[in-house]
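Written below as structure tokens is the structure these notes are about.
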Amino acid sequence: MKKYGVNELRKMFLDFFETKGHLCKNSYSLVPHNDNSVLLIPAGMAPLKPYFTGQEVPPRTRMATCQKCIRTGDIENVGKTARHLTFFEMLGNFSFGDYFKRESLAWSWEFLTEVVGLDPNRLYPSIYVDDDEAFKIWNEEMGIPAERIFRFGKEDNFWEHGAGPCGPCSEIYYDRGEKYGCGKEGCTVGCDCDRYMEVWNNVFTQFNGDGKGGYTELENKNIDTGMGLERLAVVVQDVESVFGIDTFKALLDDVCDLAKVKYEEDSKKDISIRVIVDHIRSVTFMVSDGIMPSNEGRGYVLRRLLRRAARHGRLLGIEGNFLTVLGKKVIELSKDGYEELGEKEAFILKVISQEEEKFAKTIDQGLSILADMEEAMTKEGSKTLSGADAFKLYDTYGFPLDLTIEILEEKGFSVDEDGFKACMEEQRQKARSARKTTNYMGADATVYDELDVTLTSEFTGYDRLEDTSVITALTSTEEVVDALTDGDEGTILVEKTPFYATMGGQKADIGKIVTEDSEFKVVDTIKLKGGKIGHVGKVVKGMFKVGDSVTLKVCGKNRANTCKNHSATHLVQAALRQVLGSHVEQAGSLVTADHLRFDFSHFAAMTEEEIAKVEAIVNEEIQKALPVVTDVMNVEEAKKSGAMALFGEKYEADVRVVSMGDFSKELCGGTHVGNTADIISFKIVSESGIAAGVRRIEALTGQAVFDYYKNIEASMKEAATAAKCEPAKLVEKIEAMQAELKALASENEKLKSKLAQNSLGDVLDQVVEVKGVKLLCARADGTDANGLRNLGDQLKDKLGEGVIILAAANDGKVSLMATVTDEAQKKGAHAGNIIKAIAGCVGGKGGGRPNMAQAGGKDAAGIENAFAQAKEVLEGQIK
């Protein structure tokens with residue numbers, strides 16, 4: 001059997017599956033696309049999840065990839081064994097509702113035996129214990145003896161992750177020979193030793209699990225296979241571990257040369273050698289996908305790996321910075337399969353160099369401080385480093401927590417991880433507060449303060465919506481960076497851009513910035529100090545790095561609508577000066593794609609006639625189809641030509657003058673339509689005052705006007721339907737309904753009054769005299785407050801002079817009303833004070849004028865007590 005190299009095996013796999021009708025794709029980025037469930041791609045199928053779930057349609061129902069993967073779940077074991085890796089390559093072929101078990105297993109066997117040349121007598125399939133279908137394919141169709149097919153349970157041969165698609169799997173093991181075995185009697189497939197190595201895993205996604213042990217057959221069954229490229233190379237090259245295969249060996253030899261040591265002579269040094277070999281591969285590939293060192297997320301994983309490798313370099317005695325030398329070797333060894341490594345070599349090495357240099361400045365001092373901490377713990381008899389000390393090492397000396405843990409574990413110490421997290425949270429809280437601080441100029445401090453002051457941007461968007469340029473700077477939301485990758489939010493700066501930045505009242509352009517395989521969604525464009533223009537947004541796919549050539553594409557519809565509204569503000573100002581007078585000056589404006597807002601000096605609300613006149617003038621100028629011409633001239637020359645300038649505005653020596661026929665001429669740096677006819681239509685939707693002597697008009701143009709009238713028409717139709725008439729007769733119908741409602745309301749009041757009288761009955765025989773003043777207390781349950789007032793007026797006419805107290809219980813509530821005639825008032829009776837005194841009897845409060853007062857309560861049982869109390873209060877009032 002030929003001992004193929006790693007790069008050969010990768011190509012052989014993809015070429016083989018291309019002959020089987022598969023679309024063979026280059027590896028996806030290590031950065032997950034639209035998937036927040038993982039920080040980094042951990043398996044070959046991970047980028048293809050949308051195809052397996054049916055969320056997206058695959059480009060072909062058969063695909064094959066060699067996917068770069070990173071797993072850091074057991075990072076502490078990397079180096080300690082020759083089995084563990086953080087970075088690896090996963091070969092995989094996939095079927096989305098196309099072929100199933102028969103083809104998948106047959107092709108796996110064909111590739112291993114006929115293409116790679118493995119001895120079929122040394123290959124052993126395993127299947128799920130109940131998968132008789134797979135057994136028949138292996139045994140009856142492919143001729144594998146039953147005794148060489150191993151049945152395993154769910155733990156080994158059934159793939160599921162909670163509820164959802166799942167299924168059995170069939171693995172293929174290779175017998176590497178007795179020299180790699182444990183020597184125990186009965187050593188066979190499934191043994192933990194290195195003799196029988198799992199090479200390939202075929203997952204048959206054929207069920208939908210409910211997460212409780214119940215399974216139903218999927219209508220469309222899928223195939224998901226995985227074969228570690230490094231593992232395959234171990235088998236083919238017949239070496240002890242992955243650290244012996246060709247690409248690893250070349251890198252390992254370079255590490256040994258740098259450290260002036262030999263592999264497999266000192267077990268402790270071997271750990272450091274393996275750590276460096278693995279981690280520099282991860283670091284190099286991560287940076288190639290735009291991941292930048294940081295203290296959060298993917299960036300923190302990168303920082304941990306790089307600094308761990310740097311520390312192990314110190315343990316081996318490597319002097320100075322060395323990781324770029326090894327990074328260059330990784331690129332050389334792997335660029336055949338990953339072109340991006342060669343294309344981004346300078347960028348990759350620069351990022352690695354900067355991060356290693358940053359750590360180099362503090363590592364020696366940090367190690368010294370840690371040694372002092374160890375000594376102090378030993379004296380105190382403590383075995384645990386405090387969270388505060390661990391945080392100091394992290395914050396001041398750049399030691400990731402797990403690096404501190406690893407160093408201390410080697411000497412029998414541990415770390416208070418909860419204490420560390422508490423210190424970290426406290427720092428975050430302080431950082432949030434610090435964001436409100438200002439820089440020395442008194443402005444809010446931002447990430448943009450860190451940009452190179454010599455950078456500038458040229459705006460080219462007056463006559464184009466698309467342009468090409470070079471990225472000059474990038475920022476994340478927190479710092480200046482060299483790259484942004486899939487899912488990152490940040491800002492892109494370029495040498496020249498067609499994107500208009502928010503200024504002069506005009507809202508910014510939106511759109512996208514693209515390369516051949518990357519896209520950045522621009523949600524805002526901002527003007528920065530020093531003539532810089534920032535494109536704010538999010539990487540939708542791929543990555544962007546400083547120096548990249550990009551194409552900038554402004555959203556044409558958004559720009560066109562913004563231009564209509566901006567040009568309309570010029571027409572509005574000229575029309576206002578015609579209608580209201582030359583005292584009108586612009587006091588502010590806002591121009592967006594949706595509407596326009598124009599603030600102006602005027603000292604009274606505009607009349608309906610004035611608003612209609614301004615609107616008519618603007619639409620007339622639109623219909624005239626005036627050419628919109630822009631001239632660049634000296635500012636003084638522009639003012640002499642009659643161009644309107646914004647009061648108090650500072651202008652450059654040369655300015656842009658925008659003319660619309662002879663109707664309007666203004667100094668303006670914004671973007672405009674080419675002809676007033678492009679505005680199509682204009683409609684004022686509101687006029688209001690916003691400050692003393694300042695009015696505001698809000699208006700619409702173009703399609704927005706038609707949409708406005710369409711909404712009004714829809715509302716009118718809805719109202720007409722409710723009124724049961726034609727829209728044209730809606731006003732007439734409303735007037736008739738109002739007259740009818742007025743008549744009904746009057747009739748209703750009469751009926752309520754009559755009902756109240758009826759409920760009251762003949763109560764005049766209940767009148768009592770209190771010191772010569774007549775007092776009538778009566779109930780009129782079911783009567784509301786208005787009804788009680790009306791009833792009181794009627795009873796007053798019948799009573800003549802005196803005091804009337806009425807109460808009504810209504811739906812669990814109580815209303816009290818007191819009315820006092822003029823003569824009774826002269827004798828001291830006071831309605832407000834009576835009600836105030838008796839309201840508490842019904843659980844309420846109230847009061848009022850001397851002649852009439854009301855109260856509300858909620859305890860009807862207290863009404864009779866209130867009447868009794870009223871008599872006592874009145875006795876006290878009468879002089």
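Chain lettering (A, B, ...) mirrors the order of the structure tokens, residue numbering begins at 1 for each chain separately, and ligand numbering begins at 1 in order of display.
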For A:Leu306, find every residue with an atom within 9 Å (counting only C-alpha atoms), except residues of its own chain fewer than 2 positions away, and show them as a PDB file with all heavy atoms, in the first residue's frame.
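Dumped everything to selection-v4.pdb:
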ATOM      1  N   ILE A 276       2.333  23.021  20.901  1.00  0.00           N
ATOM      2  CA  ILE A 276       2.705  24.047  19.914  1.00  0.00           C
ATOM      3  C   ILE A 276       2.298  23.618  18.509  1.00  0.00           C
ATOM      4  O   ILE A 276       1.731  24.421  17.741  1.00  0.00           O
ATOM      5  CB  ILE A 276       4.222  24.329  19.982  1.00  0.00           C
ATOM      6  CG1 ILE A 276       4.582  24.960  21.329  1.00  0.00           C
ATOM      7  CG2 ILE A 276       4.652  25.238  18.837  1.00  0.00           C
ATOM      8  CD1 ILE A 276       6.076  25.035  21.607  1.00  0.00           C
ATOM      9  N   HIS A 279      -1.616  23.851  18.333  1.00  0.00           N
ATOM     10  CA  HIS A 279      -2.169  25.198  18.497  1.00  0.00           C
ATOM     11  C   HIS A 279      -1.793  26.132  17.347  1.00  0.00           C
ATOM     12  O   HIS A 279      -2.616  26.973  16.961  1.00  0.00           O
ATOM     13  CB  HIS A 279      -1.711  25.790  19.829  1.00  0.00           C
ATOM     14  CG  HIS A 279      -2.394  25.183  21.020  1.00  0.00           C
ATOM     15  ND1 HIS A 279      -3.169  24.051  20.937  1.00  0.00           N
ATOM     16  CD2 HIS A 279      -2.412  25.571  22.339  1.00  0.00           C
ATOM     17  CE1 HIS A 279      -3.638  23.753  22.138  1.00  0.00           C
ATOM     18  NE2 HIS A 279      -3.188  24.649  23.019  1.00  0.00           N
ATOM     19  N   ILE A 280      -0.601  26.009  16.795  1.00  0.00           N
ATOM     20  CA  ILE A 280      -0.225  26.923  15.703  1.00  0.00           C
ATOM     21  C   ILE A 280      -1.049  26.615  14.453  1.00  0.00           C
ATOM     22  O   ILE A 280      -1.353  27.511  13.658  1.00  0.00           O
ATOM     23  CB  ILE A 280       1.298  26.873  15.401  1.00  0.00           C
ATOM     24  CG1 ILE A 280       1.708  28.020  14.459  1.00  0.00           C
ATOM     25  CG2 ILE A 280       1.696  25.536  14.797  1.00  0.00           C
ATOM     26  CD1 ILE A 280       1.399  29.407  14.991  1.00  0.00           C
ATOM     27  N   SER A 282      -4.260  25.593  14.596  1.00  0.00           N
ATOM     28  CA  SER A 282      -5.541  26.246  14.896  1.00  0.00           C
ATOM     29  C   SER A 282      -5.442  27.756  14.683  1.00  0.00           C
ATOM     30  O   SER A 282      -6.294  28.366  14.033  1.00  0.00           O
ATOM     31  CB  SER A 282      -5.956  25.967  16.340  1.00  0.00           C
ATOM     32  OG  SER A 282      -6.343  24.633  16.508  1.00  0.00           O
ATOM     33  N   VAL A 283      -4.415  28.353  15.254  1.00  0.00           N
ATOM     34  CA  VAL A 283      -4.233  29.799  15.188  1.00  0.00           C
ATOM     35  C   VAL A 283      -4.157  30.268  13.735  1.00  0.00           C
ATOM     36  O   VAL A 283      -4.818  31.236  13.331  1.00  0.00           O
ATOM     37  CB  VAL A 283      -2.967  30.219  15.966  1.00  0.00           C
ATOM     38  CG1 VAL A 283      -2.549  31.643  15.613  1.00  0.00           C
ATOM     39  CG2 VAL A 283      -3.204  30.074  17.463  1.00  0.00           C
ATOM     40  N   PRO A 293      -7.706  38.191  17.648  1.00  0.00           N
ATOM     41  CA  PRO A 293      -7.554  38.003  19.101  1.00  0.00           C
ATOM     42  C   PRO A 293      -8.371  39.029  19.872  1.00  0.00           C
ATOM     43  O   PRO A 293      -8.360  40.221  19.534  1.00  0.00           O
ATOM     44  CB  PRO A 293      -6.048  38.226  19.327  1.00  0.00           C
ATOM     45  CG  PRO A 293      -5.412  38.037  17.988  1.00  0.00           C
ATOM     46  CD  PRO A 293      -6.415  38.486  16.982  1.00  0.00           C
ATOM     47  N   VAL A 301     -10.874  32.420  22.185  1.00  0.00           N
ATOM     48  CA  VAL A 301     -10.349  31.077  21.905  1.00  0.00           C
ATOM     49  C   VAL A 301      -9.002  31.201  21.188  1.00  0.00           C
ATOM     50  O   VAL A 301      -8.024  30.529  21.538  1.00  0.00           O
ATOM     51  CB  VAL A 301     -11.327  30.248  21.050  1.00  0.00           C
ATOM     52  CG1 VAL A 301     -10.708  28.915  20.658  1.00  0.00           C
ATOM     53  CG2 VAL A 301     -12.637  30.021  21.798  1.00  0.00           C
ATOM     54  N   LEU A 302      -8.947  32.066  20.202  1.00  0.00           N
ATOM     55  CA  LEU A 302      -7.708  32.291  19.454  1.00  0.00           C
ATOM     56  C   LEU A 302      -6.606  32.782  20.394  1.00  0.00           C
ATOM     57  O   LEU A 302      -5.474  32.282  20.364  1.00  0.00           O
ATOM     58  CB  LEU A 302      -7.957  33.315  18.340  1.00  0.00           C
ATOM     59  CG  LEU A 302      -6.728  33.829  17.580  1.00  0.00           C
ATOM     60  CD1 LEU A 302      -5.989  32.690  16.895  1.00  0.00           C
ATOM     61  CD2 LEU A 302      -7.124  34.891  16.562  1.00  0.00           C
ATOM     62  N   ARG A 303      -6.940  33.757  21.215  1.00  0.00           N
ATOM     63  CA  ARG A 303      -5.932  34.308  22.138  1.00  0.00           C
ATOM     64  C   ARG A 303      -5.419  33.236  23.093  1.00  0.00           C
ATOM     65  O   ARG A 303      -4.219  33.141  23.368  1.00  0.00           O
ATOM     66  CB  ARG A 303      -6.544  35.486  22.896  1.00  0.00           C
ATOM     67  CG  ARG A 303      -5.664  36.087  23.965  1.00  0.00           C
ATOM     68  CD  ARG A 303      -6.128  37.484  24.333  1.00  0.00           C
ATOM     69  NE  ARG A 303      -5.716  38.450  23.321  1.00  0.00           N
ATOM     70  CZ  ARG A 303      -6.168  39.701  23.252  1.00  0.00           C
ATOM     71  NH1 ARG A 303      -7.065  40.120  24.121  1.00  0.00           N
ATOM     72  NH2 ARG A 303      -5.718  40.504  22.316  1.00  0.00           N
ATOM     73  N   ARG A 304      -6.335  32.418  23.628  1.00  0.00           N
ATOM     74  CA  ARG A 304      -5.943  31.332  24.542  1.00  0.00           C
ATOM     75  C   ARG A 304      -4.959  30.387  23.871  1.00  0.00           C
ATOM     76  O   ARG A 304      -3.925  30.023  24.444  1.00  0.00           O
ATOM     77  CB  ARG A 304      -7.176  30.536  24.961  1.00  0.00           C
ATOM     78  CG  ARG A 304      -8.061  31.200  25.976  1.00  0.00           C
ATOM     79  CD  ARG A 304      -9.392  30.457  26.104  1.00  0.00           C
ATOM     80  NE  ARG A 304      -9.218  29.074  26.477  1.00  0.00           N
ATOM     81  CZ  ARG A 304     -10.168  28.139  26.374  1.00  0.00           C
ATOM     82  NH1 ARG A 304     -11.347  28.443  25.902  1.00  0.00           N
ATOM     83  NH2 ARG A 304      -9.936  26.897  26.756  1.00  0.00           N
ATOM     84  N   ARG A 308      -1.089  30.082  24.884  1.00  0.00           N
ATOM     85  CA  ARG A 308      -0.695  28.789  25.448  1.00  0.00           C
ATOM     86  C   ARG A 308       0.522  28.235  24.688  1.00  0.00           C
ATOM     87  O   ARG A 308       1.471  27.731  25.290  1.00  0.00           O
ATOM     88  CB  ARG A 308      -1.869  27.814  25.364  1.00  0.00           C
ATOM     89  CG  ARG A 308      -1.652  26.516  26.134  1.00  0.00           C
ATOM     90  CD  ARG A 308      -2.959  25.732  26.244  1.00  0.00           C
ATOM     91  NE  ARG A 308      -2.816  24.576  27.116  1.00  0.00           N
ATOM     92  CZ  ARG A 308      -2.929  23.307  26.724  1.00  0.00           C
ATOM     93  NH1 ARG A 308      -3.209  23.031  25.460  1.00  0.00           N
ATOM     94  NH2 ARG A 308      -2.779  22.319  27.580  1.00  0.00           N
ATOM     95  N   ALA A 309       0.480  28.393  23.367  1.00  0.00           N
ATOM     96  CA  ALA A 309       1.609  27.940  22.552  1.00  0.00           C
ATOM     97  C   ALA A 309       2.862  28.746  22.892  1.00  0.00           C
ATOM     98  O   ALA A 309       3.967  28.188  23.011  1.00  0.00           O
ATOM     99  CB  ALA A 309       1.274  28.075  21.067  1.00  0.00           C
ATOM    100  N   ALA A 310       2.703  30.070  23.070  1.00  0.00           N
ATOM    101  CA  ALA A 310       3.847  30.930  23.395  1.00  0.00           C
ATOM    102  C   ALA A 310       4.455  30.528  24.734  1.00  0.00           C
ATOM    103  O   ALA A 310       5.687  30.470  24.890  1.00  0.00           O
ATOM    104  CB  ALA A 310       3.406  32.389  23.434  1.00  0.00           C
ATOM    105  N   ARG A 311       3.608  30.221  25.704  1.00  0.00           N
ATOM    106  CA  ARG A 311       4.103  29.820  27.018  1.00  0.00           C
ATOM    107  C   ARG A 311       4.863  28.490  26.950  1.00  0.00           C
ATOM    108  O   ARG A 311       5.909  28.335  27.592  1.00  0.00           O
ATOM    109  CB  ARG A 311       2.905  29.728  27.976  1.00  0.00           C
ATOM    110  CG  ARG A 311       3.316  29.429  29.413  1.00  0.00           C
ATOM    111  CD  ARG A 311       2.884  28.039  29.832  1.00  0.00           C
ATOM    112  NE  ARG A 311       3.453  27.655  31.117  1.00  0.00           N
ATOM    113  CZ  ARG A 311       3.145  26.540  31.747  1.00  0.00           C
ATOM    114  NH1 ARG A 311       2.276  25.689  31.211  1.00  0.00           N
ATOM    115  NH2 ARG A 311       3.718  26.229  32.879  1.00  0.00           N
ATOM    116  N   LEU A 323       6.381  32.106  16.737  1.00  0.00           N
ATOM    117  CA  LEU A 323       5.149  31.543  16.183  1.00  0.00           C
ATOM    118  C   LEU A 323       4.930  31.891  14.707  1.00  0.00           C
ATOM    119  O   LEU A 323       4.313  31.122  13.963  1.00  0.00           O
ATOM    120  CB  LEU A 323       3.938  31.991  17.014  1.00  0.00           C
ATOM    121  CG  LEU A 323       3.878  31.397  18.441  1.00  0.00           C
ATOM    122  CD1 LEU A 323       2.691  31.954  19.205  1.00  0.00           C
ATOM    123  CD2 LEU A 323       3.821  29.873  18.393  1.00  0.00           C
ATOM    124  N   ILE A 352      -0.509  37.206  13.906  1.00  0.00           N
ATOM    125  CA  ILE A 352       0.178  36.318  14.861  1.00  0.00           C
ATOM    126  C   ILE A 352       1.338  37.064  15.518  1.00  0.00           C
ATOM    127  O   ILE A 352       1.526  36.997  16.737  1.00  0.00           O
ATOM    128  CB  ILE A 352       0.686  35.046  14.154  1.00  0.00           C
ATOM    129  CG1 ILE A 352      -0.497  34.183  13.694  1.00  0.00           C
ATOM    130  CG2 ILE A 352       1.594  34.234  15.080  1.00  0.00           C
ATOM    131  CD1 ILE A 352      -0.090  32.982  12.853  1.00  0.00           C
ATOM    132  N   GLU A 355       0.098  39.714  18.122  1.00  0.00           N
ATOM    133  CA  GLU A 355      -0.423  39.121  19.344  1.00  0.00           C
ATOM    134  C   GLU A 355       0.690  38.493  20.169  1.00  0.00           C
ATOM    135  O   GLU A 355       0.701  38.610  21.409  1.00  0.00           O
ATOM    136  CB  GLU A 355      -1.489  38.080  18.995  1.00  0.00           C
ATOM    137  CG  GLU A 355      -2.109  37.385  20.192  1.00  0.00           C
ATOM    138  CD  GLU A 355      -2.934  38.295  21.093  1.00  0.00           C
ATOM    139  OE1 GLU A 355      -3.183  39.463  20.706  1.00  0.00           O
ATOM    140  OE2 GLU A 355      -3.309  37.854  22.195  1.00  0.00           O
ATOM    141  N   GLU A 356       1.631  37.829  19.507  1.00  0.00           N
ATOM    142  CA  GLU A 356       2.735  37.221  20.246  1.00  0.00           C
ATOM    143  C   GLU A 356       3.601  38.296  20.886  1.00  0.00           C
ATOM    144  O   GLU A 356       4.041  38.153  22.032  1.00  0.00           O
ATOM    145  CB  GLU A 356       3.584  36.351  19.309  1.00  0.00           C
ATOM    146  CG  GLU A 356       4.662  35.577  20.059  1.00  0.00           C
ATOM    147  CD  GLU A 356       5.500  34.679  19.151  1.00  0.00           C
ATOM    148  OE1 GLU A 356       5.487  34.882  17.913  1.00  0.00           O
ATOM    149  OE2 GLU A 356       6.172  33.779  19.675  1.00  0.00           O
TER     150      GLU A 356
END
Extract, using only C-alpha atoms, all DNA, RNA and protein residues at most 9 Å from A:Val235, discarding same-chain residues fewer than 6 positions from it, and format them as a ChimeraX atom specification.
/A:118,174-176,197,199
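Compared by their closest atoms to A:Gly802, and using only C-alpha atoms, the residues A:Gly534, A:Gly547, A:Gly772, A:Gly876 rank with A:Gly772 nearest.
Here atom CA of A:Glu726 is placed at a distance of 21.7 Å from atom CA of A:Asp707.
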Can you check which residues of stretch 581-825 of chain A DSSP gives as alpha helix (DSSP H) on the backbone and send them as a PyMOL selection string?
chain A and resi 608-623+635-640+703-723+730-760+785-799+822-825
From the DSSP assignment of the backbone, select every residue of stretch 605-844 of chain A that is strand (DSSP E or B), and format the answer as a VMD selection string.
chain A and resid 627 to 634 644 654 to 660 664 to 667 675 682 to 691 694 to 701 768 to 770 773 to 779 803 to 810 813 to 820
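Among A:Ala134, A:Ala82, A:Val673, A:Val540, the residue with the shortest atom-to-atom distance to A:Glu264, counting only C-alpha atoms, is A:Ala82.
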Selection near A:Gly487, 8 Å with only C-alpha atoms, sequence-local residues under 6 positions removed, as a ChimeraX atom specification
/A:33-34,538-541
State, in Å with one decimal place, the distance from atom CA of A:Tyr708 to atom CA of A:Val685.
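That distance, rounded to one decimal, is 9.1 Å.
Take the candidates A:Cys24, A:Leu370, A:Met660, A:Val481 and check each one against A:Thr61 using only C-alpha atoms; the shortest distance goes to A:Cys24.
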Which residues are close to A:Met852, i.e. within 7 Å by only C-alpha atoms, leaving aside same-chain residues fewer than 4 positions away? Reply as a list in words.
Ala818, Thr819, Val820, Ala831, Gly832 and Gly848 of chain A
Just-selected residues, N, CA, C and O atoms written as a tab-separated table (two decimals), in the first residue's frame:
chain	number	residue	atom	x	y	z
A	818	ALA	N	-76.00	66.33	46.96
A	818	ALA	CA	-76.69	67.26	47.87
A	818	ALA	C	-76.93	68.57	47.14
A	818	ALA	O	-76.03	69.06	46.43
A	819	THR	N	-78.12	69.11	47.26
A	819	THR	CA	-78.40	70.42	46.68
A	819	THR	C	-79.08	71.27	47.74
A	819	THR	O	-79.92	70.77	48.52
A	820	VAL	N	-78.71	72.54	47.84
A	820	VAL	CA	-79.19	73.46	48.87
A	820	VAL	C	-79.74	74.72	48.21
A	820	VAL	O	-79.06	75.32	47.37
A	831	ALA	N	-73.88	72.52	51.07
A	831	ALA	CA	-73.93	71.21	50.39
A	831	ALA	C	-72.57	70.51	50.42
A	831	ALA	O	-72.47	69.30	50.71
A	832	GLY	N	-71.51	71.25	50.12
A	832	GLY	CA	-70.17	70.66	50.06
A	832	GLY	C	-69.74	70.05	51.38
A	832	GLY	O	-69.18	68.94	51.43
A	848	GLY	N	-67.84	69.82	47.42
A	848	GLY	CA	-68.36	70.67	46.36
A	848	GLY	C	-68.70	72.06	46.83
A	848	GLY	O	-68.25	72.53	47.88
Neighbours of A:Gly337 within 9 Å (only C-alpha atoms; same-chain residues fewer than 5 positions away dropped), as an mmCIF file with N, CA, C and O atoms, in the first residue's frame?
data_model
loop_
_atom_site.group_PDB
_atom_site.id
_atom_site.type_symbol
_atom_site.label_atom_id
_atom_site.label_comp_id
_atom_site.auth_asym_id
_atom_site.auth_seq_id
_atom_site.Cartn_x
_atom_site.Cartn_y
_atom_site.Cartn_z
ATOM 1 N N ASN A 7 -2.141 15.876 1.842
ATOM 2 C CA ASN A 7 -2.689 16.652 0.723
ATOM 3 C C ASN A 7 -3.166 15.742 -0.405
ATOM 4 O O ASN A 7 -4.166 16.035 -1.068
ATOM 5 N N ARG A 10 -6.593 14.117 0.715
ATOM 6 C CA ARG A 10 -7.692 15.072 0.624
ATOM 7 C C ARG A 10 -8.204 15.160 -0.804
ATOM 8 O O ARG A 10 -9.418 15.097 -1.061
ATOM 9 N N LYS A 11 -7.286 15.301 -1.739
ATOM 10 C CA LYS A 11 -7.660 15.416 -3.155
ATOM 11 C C LYS A 11 -8.288 14.120 -3.679
ATOM 12 O O LYS A 11 -9.275 14.145 -4.421
ATOM 13 N N ASN A 26 -15.169 23.638 -1.497
ATOM 14 C CA ASN A 26 -14.060 23.984 -0.615
ATOM 15 C C ASN A 26 -14.592 24.080 0.817
ATOM 16 O O ASN A 26 -15.790 24.274 1.037
ATOM 17 N N SER A 27 -13.724 23.964 1.774
ATOM 18 C CA SER A 27 -14.139 24.049 3.166
ATOM 19 C C SER A 27 -14.862 25.366 3.442
ATOM 20 O O SER A 27 -14.475 26.423 2.946
ATOM 21 N N CYS A 66 -14.115 18.778 2.464
ATOM 22 C CA CYS A 66 -13.081 18.538 3.468
ATOM 23 C C CYS A 66 -13.120 19.780 4.341
ATOM 24 O O CYS A 66 -12.634 20.848 3.940
#
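You will find atom CA of A:Gln573 at 11.2 Å from atom CA of A:Gly588.
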Neighbours of A:Thr362 within 9 Å (only C-alpha atoms; same-chain residues fewer than 3 positions away dropped), as number ranges by chain?
A: 358-359, 365-367, 396-399
C-alpha atoms of the current selection, written as a PDB file, in the first residue's frame:
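result-v3.pdb, freshly written:
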ATOM      1  CA  LYS A 358       1.863  41.833  22.933  1.00  0.00           C
ATOM      2  CA  PHE A 359       2.060  38.751  25.162  1.00  0.00           C
ATOM      3  CA  GLN A 365       6.842  39.498  34.361  1.00  0.00           C
ATOM      4  CA  GLY A 366       3.537  37.610  34.733  1.00  0.00           C
ATOM      5  CA  LEU A 367       5.318  34.302  35.318  1.00  0.00           C
ATOM      6  CA  THR A 396      -2.505  43.099  33.758  1.00  0.00           C
ATOM      7  CA  TYR A 397      -0.325  40.380  32.237  1.00  0.00           C
ATOM      8  CA  GLY A 398      -2.623  38.878  29.626  1.00  0.00           C
ATOM      9  CA  PHE A 399      -2.837  35.378  31.119  1.00  0.00           C
TER      10      PHE A 399
END
Residue contacts of A:Thr676 (10 Å, only C-alpha atoms) excluding same-chain residues fewer than 6 positions away, as a PyMOL selection string:
chain A and resi 564+567-568+571+618-628+660-661
